[in-house]
Amino acid sequence: MVDTENSIYISDKAKTKILGLMQEAGLSPDDGYFLRVGVVGGGCSGLSYKMDFDNETQPMDQSFEHNGIRIVTDLKSFLYLVNTELDFSDGLNGKGFFFNNPNASRSCGCGESFAV
């Protein structure tokens, strides 16, 4: 992945899974739904990722579109997530979404929390 701007990126596998989950939930990007990602305190390394579908933006939200997916995050979370790629694995060694975060100085074994 070549970073051309400060953004949040979505892999092809993550895109496929996100669109499938939206469809299962009866949500559509055409109805204004998007993927909201963020960072919250907690986890074994100090910070944890969160993801959800949303259709309302807040005044300080940062909005991006990559690989056909609209991603929105609050400004504070974006400082931790800049140039992060959201990926998805369905392999035997772990299944689920994970963040390839170049800003993380360390992460836990489960991949759900990190430190900067």
# chains A, B, ... in the order shown; residues from 1 in each chain; ligands from 1
>>> residues_around(residues="region 7-16 of chain A", least_positions_apart="3", cutoff="10 Å", atoms="only C-alpha atoms", output="MDAnalysis selection string")
chainID A and resid 1 3:4 19:21 37 62:73 78 81:90 96:101
>>> select_by_dssp(residues="region 6-68 of chain A", states="strand (DSSP E or B)", output="PDB file with C-alpha atoms, in the first residue's frame")
ATOM      1  CA  ILE A   8      -7.847   5.224   6.634  1.00  0.00           C
ATOM      2  CA  TYR A   9      -7.673   2.382   4.134  1.00  0.00           C
ATOM      3  CA  ILE A  10      -9.837  -0.708   3.512  1.00  0.00           C
ATOM      4  CA  PHE A  34     -21.100   4.072   6.694  1.00  0.00           C
ATOM      5  CA  LEU A  35     -18.444   2.324   8.756  1.00  0.00           C
ATOM      6  CA  ARG A  36     -17.533   4.199  11.933  1.00  0.00           C
ATOM      7  CA  VAL A  37     -14.167   3.303  13.426  1.00  0.00           C
ATOM      8  CA  GLY A  38     -12.620   4.640  16.589  1.00  0.00           C
ATOM      9  CA  VAL A  39     -10.220   4.182  19.454  1.00  0.00           C
ATOM     10  CA  VAL A  40     -11.217   3.833  23.104  1.00  0.00           C
ATOM     11  CA  GLY A  41      -9.216   3.382  26.274  1.00  0.00           C
ATOM     12  CA  LEU A  47      -6.136   1.381  23.641  1.00  0.00           C
ATOM     13  CA  SER A  48      -8.733  -0.683  21.775  1.00  0.00           C
ATOM     14  CA  TYR A  49     -10.309  -0.384  18.350  1.00  0.00           C
ATOM     15  CA  LYS A  50     -14.053  -0.132  17.862  1.00  0.00           C
ATOM     16  CA  MET A  51     -16.195  -0.475  14.743  1.00  0.00           C
ATOM     17  CA  ASP A  52     -19.871  -0.058  14.023  1.00  0.00           C
ATOM     18  CA  PHE A  53     -22.270   1.034  11.327  1.00  0.00           C
ATOM     19  CA  ASP A  54     -23.724   4.526  11.638  1.00  0.00           C
ATOM     20  CA  GLN A  62     -13.259  12.968   9.757  1.00  0.00           C
ATOM     21  CA  SER A  63     -14.705  11.251   6.698  1.00  0.00           C
ATOM     22  CA  PHE A  64     -12.860   9.208   4.070  1.00  0.00           C
ATOM     23  CA  GLU A  65     -13.713   6.931   1.207  1.00  0.00           C
ATOM     24  CA  HIS A  66     -11.445   4.111   0.180  1.00  0.00           C
TER      25      HIS A  66
END
>>> atom_distance(atom1="CA of Met22 (chain A)", atom2="CA of Tyr80 (chain A)")
25.3 Å
>>> atom_distance(atom1="CA of Pro29 (chain A)", atom2="CA of Gly91 (chain A)")
27.7 Å
